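Comments concern the structure below.
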Amino acid sequence: MKYPKSKYLIVLILLFAKFNLSSQSSSPGYTAFRPGEIWKDNEGNHINAHGGGILFKDGIYYWYGEHKGKSSLARVGITVYSSEDLYNWKNEGVALSVAKDPDSEITSGSVMERPKVVYNKKTDKYVMWFHLELKDQGYAAARTGIAISDSPLGPFTYLKSYRPNSKQWPQNFKEDWKETAKNGDPEEWWTPKWRKALKEGMFVRRDFENGQMSRDMTVYMDKDDTAYHITSSEENQTLHISKLTDDYLDFTGEWVRMQPGGQNEAPAIFEKDGYCYMITSGLTGWAPNAARSFRAKSIMGPWEKLGNPAVGENADKTFFSQSTFVLPVQGKEDSFIFMADRWKPKNHINGRYIWLPIEWENEKPIIRWKKEWDLSSF
Ligand code: GAL
């Protein structure tokens, strides 16, 4: 029996409708931020980009972060999401993939944390820096890794990793700290003698030949397109701020120590009214602690302490989160979003994102908890 033509038409219409529906994104259509809640991407999955950082390029924000499963080891790599409005994010896949080669430094099972991407105008390349720990070595390697791409979406190609600044003394180091004192450096940790030796560069001397340790880190590009690498070094006791080369692929040897013995990690930097600001956390692993903030006329210091920027209930735990980045909102002058991670170490994939607007009081950045907010609050 022949079907009448109209039946063919109905089948065609139904097929078209089905195809059209499935090709459409299931974007949740967010119009506000809800810190700490599940944040779905265009495919309906909780965004998987922890310890992240954001690059803005040609009208699009790119969010790079750590892909996490149940554990925090790198099994996939660094993910990238894109957005035009900061509320709704499209999953753009893996920007830097773990390597299949078991001998690669970024093989599956390594640790790849806190990726930050900067665009280099001169070379027209996207440069990614991240904290790298080698497979099966816990956090002992303490290296910073670098990858490069022609496109913000990747694929990024892994170049190499460093223990930075080998054979270079910091600029703010006293001449007589370059030699170990006669009686040697103390071995027992946390004694007053040890604290003094730490401040006077004991670990810098120890790692002078082979390069300084590098764990929690960020990369910051200033208004003159100079890029800096900021990292938790000296057994996580001291931050190191280093100027990168013009292509952002190497260290220049110009570097300073910040807050020796201050135990800062998770650094995030931004600039306002001629000052550089930095927000960091203390040192309690995945567990939250009170954030800190600092200000300096130049990124190379000296830095002045401003105290905990978080205020109100749970400020002593930074609203159960740890800083990762401060995002300047495009088209809104002096508007910054504090980006932080609420880690879930029992099931890392469930880690939440705490984004809050930065307010100002007496030239100090202030962060208040908000259950829900949007960009009109700037
Ligand atoms: C945190 C750090 C995280 C991760 C974790 C591992 O202090 O900020 O990025 O390295 O320790 O315990």
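Naming scheme: A, B, ... for chains in displayed order of the structure tokens; residues 1 onward per chain; ligands 1 onward as shown.
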Stretch 330-333 of chain A surroundings by only C-alpha atoms, 8 Å radius, close-in-sequence under 2 positions cut, as number ranges by chain | A: 328, 335, 378
What does the file look like for those residues with N, CA, C and O atoms, as a short mmCIF file (atom, residue, chain, number, x, y, z; two decimals), in the first residue's frame?
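Written file, again21.cif:
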```cif
data_model
loop_
_atom_site.label_atom_id
_atom_site.label_comp_id
_atom_site.auth_asym_id
_atom_site.auth_seq_id
_atom_site.Cartn_x
_atom_site.Cartn_y
_atom_site.Cartn_z
N PRO A 328 38.71 40.70 36.15
CA PRO A 328 38.19 42.03 35.83
C PRO A 328 37.01 41.87 34.85
O PRO A 328 37.14 41.21 33.83
N SER A 335 35.61 46.74 38.12
CA SER A 335 34.69 45.71 38.64
C SER A 335 35.42 44.37 38.61
O SER A 335 35.87 43.94 37.55
N PHE A 378 27.58 45.78 40.19
CA PHE A 378 28.79 46.61 40.09
C PHE A 378 28.40 48.05 39.77
O PHE A 378 27.61 48.30 38.89
#
```
Residues within 9 Å of ligand 1 (only C-alpha atoms and all ligand atoms), as a PDB file with all heavy atoms, in the first residue's frame?
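What follows is the written file out_17.pdb:
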```pdb
ATOM      1  N   GLY A  51      40.217  25.235  40.331  1.00  0.00           N
ATOM      2  CA  GLY A  51      41.496  25.959  40.449  1.00  0.00           C
ATOM      3  C   GLY A  51      41.752  26.807  39.219  1.00  0.00           C
ATOM      4  O   GLY A  51      42.881  26.967  38.783  1.00  0.00           O
ATOM      5  N   SER A  72      41.902  13.803  42.886  1.00  0.00           N
ATOM      6  CA  SER A  72      42.361  15.057  42.285  1.00  0.00           C
ATOM      7  C   SER A  72      43.489  14.827  41.282  1.00  0.00           C
ATOM      8  O   SER A  72      44.019  15.791  40.727  1.00  0.00           O
ATOM      9  CB  SER A  72      42.804  16.030  43.369  1.00  0.00           C
ATOM     10  OG  SER A  72      44.053  15.642  43.847  1.00  0.00           O
ATOM     11  N   VAL A 111      49.868  15.415  38.649  1.00  0.00           N
ATOM     12  CA  VAL A 111      49.004  16.439  39.244  1.00  0.00           C
ATOM     13  C   VAL A 111      49.160  17.697  38.396  1.00  0.00           C
ATOM     14  O   VAL A 111      50.281  18.183  38.207  1.00  0.00           O
ATOM     15  CB  VAL A 111      49.411  16.725  40.709  1.00  0.00           C
ATOM     16  CG1 VAL A 111      48.684  17.941  41.258  1.00  0.00           C
ATOM     17  CG2 VAL A 111      49.143  15.499  41.578  1.00  0.00           C
ATOM     18  N   GLU A 113      47.592  21.431  38.277  1.00  0.00           N
ATOM     19  CA  GLU A 113      46.707  22.309  39.046  1.00  0.00           C
ATOM     20  C   GLU A 113      46.844  23.776  38.642  1.00  0.00           C
ATOM     21  O   GLU A 113      47.880  24.202  38.151  1.00  0.00           O
ATOM     22  CB  GLU A 113      47.015  22.178  40.541  1.00  0.00           C
ATOM     23  CG  GLU A 113      46.628  20.835  41.108  1.00  0.00           C
ATOM     24  CD  GLU A 113      46.902  20.695  42.607  1.00  0.00           C
ATOM     25  OE1 GLU A 113      47.719  21.456  43.146  1.00  0.00           O
ATOM     26  OE2 GLU A 113      46.302  19.807  43.226  1.00  0.00           O
ATOM     27  N   ARG A 114      45.775  24.526  38.911  1.00  0.00           N
ATOM     28  CA  ARG A 114      45.750  25.985  38.828  1.00  0.00           C
ATOM     29  C   ARG A 114      46.235  26.558  37.487  1.00  0.00           C
ATOM     30  O   ARG A 114      47.074  27.466  37.456  1.00  0.00           O
ATOM     31  CB  ARG A 114      46.553  26.587  39.995  1.00  0.00           C
ATOM     32  CG  ARG A 114      45.991  26.172  41.336  1.00  0.00           C
ATOM     33  CD  ARG A 114      46.617  26.862  42.509  1.00  0.00           C
ATOM     34  NE  ARG A 114      45.880  26.496  43.723  1.00  0.00           N
ATOM     35  CZ  ARG A 114      44.781  27.128  44.162  1.00  0.00           C
ATOM     36  NH1 ARG A 114      44.332  28.175  43.515  1.00  0.00           N
ATOM     37  NH2 ARG A 114      44.161  26.724  45.233  1.00  0.00           N
ATOM     38  N   HIS A 131      50.639  24.348  37.769  1.00  0.00           N
ATOM     39  CA  HIS A 131      51.417  23.647  38.794  1.00  0.00           C
ATOM     40  C   HIS A 131      51.465  22.163  38.409  1.00  0.00           C
ATOM     41  O   HIS A 131      50.438  21.549  38.199  1.00  0.00           O
ATOM     42  CB  HIS A 131      50.735  23.870  40.150  1.00  0.00           C
ATOM     43  CG  HIS A 131      51.288  23.031  41.257  1.00  0.00           C
ATOM     44  ND1 HIS A 131      50.638  22.856  42.447  1.00  0.00           N
ATOM     45  CD2 HIS A 131      52.434  22.324  41.367  1.00  0.00           C
ATOM     46  CE1 HIS A 131      51.358  22.079  43.238  1.00  0.00           C
ATOM     47  NE2 HIS A 131      52.443  21.728  42.601  1.00  0.00           N
ATOM     48  N   TYR A 139      53.509  15.541  46.314  1.00  0.00           N
ATOM     49  CA  TYR A 139      53.742  16.952  45.960  1.00  0.00           C
ATOM     50  C   TYR A 139      55.231  17.314  46.051  1.00  0.00           C
ATOM     51  O   TYR A 139      55.600  18.460  46.270  1.00  0.00           O
ATOM     52  CB  TYR A 139      52.893  17.861  46.856  1.00  0.00           C
ATOM     53  CG  TYR A 139      51.466  17.983  46.339  1.00  0.00           C
ATOM     54  CD1 TYR A 139      50.535  16.978  46.577  1.00  0.00           C
ATOM     55  CD2 TYR A 139      51.065  19.066  45.566  1.00  0.00           C
ATOM     56  CE1 TYR A 139      49.237  17.054  46.083  1.00  0.00           C
ATOM     57  CE2 TYR A 139      49.775  19.159  45.075  1.00  0.00           C
ATOM     58  CZ  TYR A 139      48.868  18.149  45.332  1.00  0.00           C
ATOM     59  OH  TYR A 139      47.598  18.251  44.828  1.00  0.00           O
ATOM     60  N   ARG A 215      54.763  25.628  43.729  1.00  0.00           N
ATOM     61  CA  ARG A 215      53.484  24.889  43.891  1.00  0.00           C
ATOM     62  C   ARG A 215      52.335  25.820  43.479  1.00  0.00           C
ATOM     63  O   ARG A 215      52.290  26.238  42.327  1.00  0.00           O
ATOM     64  CB  ARG A 215      53.370  24.333  45.311  1.00  0.00           C
ATOM     65  CG  ARG A 215      54.391  23.205  45.561  1.00  0.00           C
ATOM     66  CD  ARG A 215      53.904  22.212  46.604  1.00  0.00           C
ATOM     67  NE  ARG A 215      54.881  21.178  46.858  1.00  0.00           N
ATOM     68  CZ  ARG A 215      55.686  21.116  47.931  1.00  0.00           C
ATOM     69  NH1 ARG A 215      55.618  22.052  48.858  1.00  0.00           N
ATOM     70  NH2 ARG A 215      56.536  20.117  48.084  1.00  0.00           N
ATOM     71  N   ASP A 216      51.411  26.151  44.390  1.00  0.00           N
ATOM     72  CA  ASP A 216      50.279  26.996  43.968  1.00  0.00           C
ATOM     73  C   ASP A 216      50.802  28.223  43.223  1.00  0.00           C
ATOM     74  O   ASP A 216      51.713  28.901  43.711  1.00  0.00           O
ATOM     75  CB  ASP A 216      49.505  27.490  45.195  1.00  0.00           C
ATOM     76  CG  ASP A 216      48.482  26.481  45.671  1.00  0.00           C
ATOM     77  OD1 ASP A 216      48.536  25.329  45.243  1.00  0.00           O
ATOM     78  OD2 ASP A 216      47.627  26.874  46.482  1.00  0.00           O
ATOM     79  N   MET A 217      50.202  28.515  42.084  1.00  0.00           N
ATOM     80  CA  MET A 217      50.755  29.605  41.279  1.00  0.00           C
ATOM     81  C   MET A 217      49.671  30.335  40.488  1.00  0.00           C
ATOM     82  O   MET A 217      48.546  29.882  40.346  1.00  0.00           O
ATOM     83  CB  MET A 217      51.809  29.074  40.307  1.00  0.00           C
ATOM     84  CG  MET A 217      51.431  27.843  39.514  1.00  0.00           C
ATOM     85  SD  MET A 217      50.226  28.065  38.219  1.00  0.00           S
ATOM     86  CE  MET A 217      51.079  29.193  37.177  1.00  0.00           C
ATOM     87  N   GLU A 265      49.372  30.850  49.909  1.00  0.00           N
ATOM     88  CA  GLU A 265      49.210  30.122  48.648  1.00  0.00           C
ATOM     89  C   GLU A 265      47.947  30.584  47.946  1.00  0.00           C
ATOM     90  O   GLU A 265      47.314  31.541  48.375  1.00  0.00           O
ATOM     91  CB  GLU A 265      49.297  28.612  48.835  1.00  0.00           C
ATOM     92  CG  GLU A 265      48.371  27.997  49.793  1.00  0.00           C
ATOM     93  CD  GLU A 265      48.528  26.470  49.817  1.00  0.00           C
ATOM     94  OE1 GLU A 265      49.545  25.927  49.356  1.00  0.00           O
ATOM     95  OE2 GLU A 265      47.620  25.823  50.309  1.00  0.00           O
ATOM     96  N   ALA A 266      47.620  29.939  46.807  1.00  0.00           N
ATOM     97  CA  ALA A 266      46.443  30.301  46.019  1.00  0.00           C
ATOM     98  C   ALA A 266      46.437  31.787  45.642  1.00  0.00           C
ATOM     99  O   ALA A 266      45.427  32.477  45.821  1.00  0.00           O
ATOM    100  CB  ALA A 266      45.174  29.935  46.782  1.00  0.00           C
ATOM    101  N   SER A 281      45.494  32.591  50.191  1.00  0.00           N
ATOM    102  CA  SER A 281      44.955  31.833  51.324  1.00  0.00           C
ATOM    103  C   SER A 281      46.113  31.475  52.232  1.00  0.00           C
ATOM    104  O   SER A 281      47.278  31.640  51.864  1.00  0.00           O
ATOM    105  CB  SER A 281      44.282  30.556  50.831  1.00  0.00           C
ATOM    106  OG  SER A 281      45.266  29.593  50.498  1.00  0.00           O
ATOM    107  N   GLY A 282      45.779  30.935  53.388  1.00  0.00           N
ATOM    108  CA  GLY A 282      46.800  30.324  54.241  1.00  0.00           C
ATOM    109  C   GLY A 282      47.019  28.895  53.790  1.00  0.00           C
ATOM    110  O   GLY A 282      46.593  28.503  52.694  1.00  0.00           O
ATOM    111  N   LEU A 283      47.634  28.124  54.647  1.00  0.00           N
ATOM    112  CA  LEU A 283      48.189  26.838  54.223  1.00  0.00           C
ATOM    113  C   LEU A 283      47.524  25.656  54.919  1.00  0.00           C
ATOM    114  O   LEU A 283      48.100  25.101  55.833  1.00  0.00           O
ATOM    115  CB  LEU A 283      49.660  26.887  54.626  1.00  0.00           C
ATOM    116  CG  LEU A 283      50.658  26.108  53.831  1.00  0.00           C
ATOM    117  CD1 LEU A 283      50.883  26.763  52.490  1.00  0.00           C
ATOM    118  CD2 LEU A 283      51.986  26.069  54.591  1.00  0.00           C
ATOM    119  N   THR A 284      46.315  25.296  54.497  1.00  0.00           N
ATOM    120  CA  THR A 284      45.667  24.154  55.154  1.00  0.00           C
ATOM    121  C   THR A 284      45.156  23.141  54.132  1.00  0.00           C
ATOM    122  O   THR A 284      44.116  22.519  54.324  1.00  0.00           O
ATOM    123  CB  THR A 284      44.505  24.626  56.070  1.00  0.00           C
ATOM    124  OG1 THR A 284      43.653  25.498  55.316  1.00  0.00           O
ATOM    125  CG2 THR A 284      45.008  25.368  57.290  1.00  0.00           C
ATOM    126  N   GLY A 285      45.880  22.971  53.029  1.00  0.00           N
ATOM    127  CA  GLY A 285      45.515  21.954  52.026  1.00  0.00           C
ATOM    128  C   GLY A 285      44.136  22.224  51.438  1.00  0.00           C
ATOM    129  O   GLY A 285      43.821  23.366  51.084  1.00  0.00           O
ATOM    130  N   TRP A 286      43.312  21.187  51.366  1.00  0.00           N
ATOM    131  CA  TRP A 286      41.970  21.345  50.782  1.00  0.00           C
ATOM    132  C   TRP A 286      41.013  22.029  51.750  1.00  0.00           C
ATOM    133  O   TRP A 286      39.920  22.432  51.366  1.00  0.00           O
ATOM    134  CB  TRP A 286      41.370  19.986  50.395  1.00  0.00           C
ATOM    135  CG  TRP A 286      42.175  19.193  49.427  1.00  0.00           C
ATOM    136  CD1 TRP A 286      42.740  17.970  49.658  1.00  0.00           C
ATOM    137  CD2 TRP A 286      42.489  19.518  48.059  1.00  0.00           C
ATOM    138  NE1 TRP A 286      43.393  17.531  48.528  1.00  0.00           N
ATOM    139  CE2 TRP A 286      43.255  18.448  47.541  1.00  0.00           C
ATOM    140  CE3 TRP A 286      42.213  20.614  47.227  1.00  0.00           C
ATOM    141  CZ2 TRP A 286      43.744  18.441  46.233  1.00  0.00           C
ATOM    142  CZ3 TRP A 286      42.702  20.602  45.929  1.00  0.00           C
ATOM    143  CH2 TRP A 286      43.448  19.527  45.447  1.00  0.00           C
ATOM    144  N   ALA A 287      41.384  22.094  53.033  1.00  0.00           N
ATOM    145  CA  ALA A 287      40.485  22.685  54.030  1.00  0.00           C
ATOM    146  C   ALA A 287      40.559  24.212  53.941  1.00  0.00           C
ATOM    147  O   ALA A 287      41.640  24.770  53.776  1.00  0.00           O
ATOM    148  CB  ALA A 287      40.879  22.223  55.420  1.00  0.00           C
ATOM    149  N   PRO A 288      39.424  24.883  54.045  1.00  0.00           N
ATOM    150  CA  PRO A 288      39.452  26.350  53.909  1.00  0.00           C
ATOM    151  C   PRO A 288      40.034  27.047  55.135  1.00  0.00           C
ATOM    152  O   PRO A 288      39.990  26.519  56.243  1.00  0.00           O
ATOM    153  CB  PRO A 288      37.975  26.701  53.753  1.00  0.00           C
ATOM    154  CG  PRO A 288      37.240  25.597  54.423  1.00  0.00           C
ATOM    155  CD  PRO A 288      38.072  24.356  54.255  1.00  0.00           C
ATOM    156  N   GLN A 322      38.698  28.721  48.711  1.00  0.00           N
ATOM    157  CA  GLN A 322      40.103  29.146  48.575  1.00  0.00           C
ATOM    158  C   GLN A 322      40.262  29.865  47.245  1.00  0.00           C
ATOM    159  O   GLN A 322      39.826  29.355  46.203  1.00  0.00           O
ATOM    160  CB  GLN A 322      41.004  27.902  48.616  1.00  0.00           C
ATOM    161  CG  GLN A 322      42.476  28.237  48.590  1.00  0.00           C
ATOM    162  CD  GLN A 322      43.354  26.993  48.539  1.00  0.00           C
ATOM    163  OE1 GLN A 322      42.948  25.965  48.011  1.00  0.00           O
ATOM    164  NE2 GLN A 322      44.567  27.102  49.059  1.00  0.00           N
ATOM    165  N   SER A 323      40.916  31.007  47.267  1.00  0.00           N
ATOM    166  CA  SER A 323      41.053  31.847  46.069  1.00  0.00           C
ATOM    167  C   SER A 323      41.690  31.092  44.906  1.00  0.00           C
ATOM    168  O   SER A 323      42.512  30.201  45.111  1.00  0.00           O
ATOM    169  CB  SER A 323      41.912  33.074  46.392  1.00  0.00           C
ATOM    170  OG  SER A 323      43.059  32.703  47.140  1.00  0.00           O
ATOM    171  N   THR A 324      41.320  31.490  43.692  1.00  0.00           N
ATOM    172  CA  THR A 324      42.038  30.977  42.525  1.00  0.00           C
ATOM    173  C   THR A 324      42.337  32.061  41.498  1.00  0.00           C
ATOM    174  O   THR A 324      43.344  32.002  40.808  1.00  0.00           O
ATOM    175  CB  THR A 324      41.305  29.800  41.854  1.00  0.00           C
ATOM    176  OG1 THR A 324      42.116  29.304  40.796  1.00  0.00           O
ATOM    177  CG2 THR A 324      39.942  30.178  41.291  1.00  0.00           C
ATOM    178  N   TRP A 343      36.500  23.203  47.757  1.00  0.00           N
ATOM    179  CA  TRP A 343      36.981  21.863  47.429  1.00  0.00           C
ATOM    180  C   TRP A 343      36.125  20.789  48.106  1.00  0.00           C
ATOM    181  O   TRP A 343      35.653  20.987  49.227  1.00  0.00           O
ATOM    182  CB  TRP A 343      38.436  21.680  47.881  1.00  0.00           C
ATOM    183  CG  TRP A 343      39.403  22.668  47.305  1.00  0.00           C
ATOM    184  CD1 TRP A 343      40.065  23.650  47.988  1.00  0.00           C
ATOM    185  CD2 TRP A 343      39.864  22.764  45.946  1.00  0.00           C
ATOM    186  NE1 TRP A 343      40.896  24.341  47.139  1.00  0.00           N
ATOM    187  CE2 TRP A 343      40.788  23.825  45.881  1.00  0.00           C
ATOM    188  CE3 TRP A 343      39.574  22.054  44.773  1.00  0.00           C
ATOM    189  CZ2 TRP A 343      41.429  24.190  44.699  1.00  0.00           C
ATOM    190  CZ3 TRP A 343      40.204  22.420  43.601  1.00  0.00           C
ATOM    191  CH2 TRP A 343      41.112  23.479  43.566  1.00  0.00           C
ATOM    192  N   PRO A 345      37.193  17.234  48.797  1.00  0.00           N
ATOM    193  CA  PRO A 345      38.253  16.234  48.630  1.00  0.00           C
ATOM    194  C   PRO A 345      37.778  14.780  48.649  1.00  0.00           C
ATOM    195  O   PRO A 345      38.488  13.906  48.168  1.00  0.00           O
ATOM    196  CB  PRO A 345      39.219  16.518  49.792  1.00  0.00           C
ATOM    197  CG  PRO A 345      38.529  17.469  50.680  1.00  0.00           C
ATOM    198  CD  PRO A 345      37.420  18.126  49.936  1.00  0.00           C
TER     199      PRO A 345
END
```
Tell me which protein, DNA and RNA residues are within 8 Å of stretch 246-254 of chain A, counting only C-alpha atoms, leaving out same-chain ones fewer than 5 positions away, and put them as a PyMOL selection string.
-> chain A and resi 120+122-123+127+146+164-165+168+170-171+226-227
For the residues in the current selection, export C-alpha atoms as a PDB file, in the first residue's frame.
```pdb
ATOM      1  CA  ASN A 120      51.061  36.977  23.818  1.00  0.00           C
ATOM      2  CA  LYS A 122      54.040  39.573  19.852  1.00  0.00           C
ATOM      3  CA  THR A 123      54.059  35.850  19.134  1.00  0.00           C
ATOM      4  CA  VAL A 127      50.584  30.408  26.807  1.00  0.00           C
ATOM      5  CA  ILE A 146      54.134  25.367  30.455  1.00  0.00           C
ATOM      6  CA  PRO A 164      62.362  28.395  38.471  1.00  0.00           C
ATOM      7  CA  ASN A 165      65.229  30.805  38.907  1.00  0.00           C
ATOM      8  CA  GLN A 168      69.602  33.569  40.382  1.00  0.00           C
ATOM      9  CA  PRO A 170      66.205  37.323  44.402  1.00  0.00           C
ATOM     10  CA  GLN A 171      66.461  41.088  44.061  1.00  0.00           C
ATOM     11  CA  THR A 226      54.662  42.217  30.919  1.00  0.00           C
ATOM     12  CA  ALA A 227      53.866  38.844  32.456  1.00  0.00           C
TER      13      ALA A 227
END
```
What separation in Å, quoted to one decimal, exists between atom CA of A:Val94 and atom CA of A:Gly65?
->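 Between atom CA of A:Val94 and atom CA of A:Gly65 the gap is 9.7 Å.
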Residue nearest A:Phe270 among A:Met258, A:Met128, A:Ile38, A:Ile358 (counting only C-alpha atoms) = A:Ile358
Contacts of A:Asn42 within 12 Å, only C-alpha atoms, excl. fewer than 3 positions in-chain, as a VMD selection string | chain A and resid 23 to 30 39 45 to 47 81 to 83 87 to 93
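Non-sequential neighbours of A:Asp207 (distance at most 9 Å, separation of 6 or more positions within a chain, only C-alpha atoms) are Arg163, Ser166, Lys167, Met213 and Glu234 of chain A.
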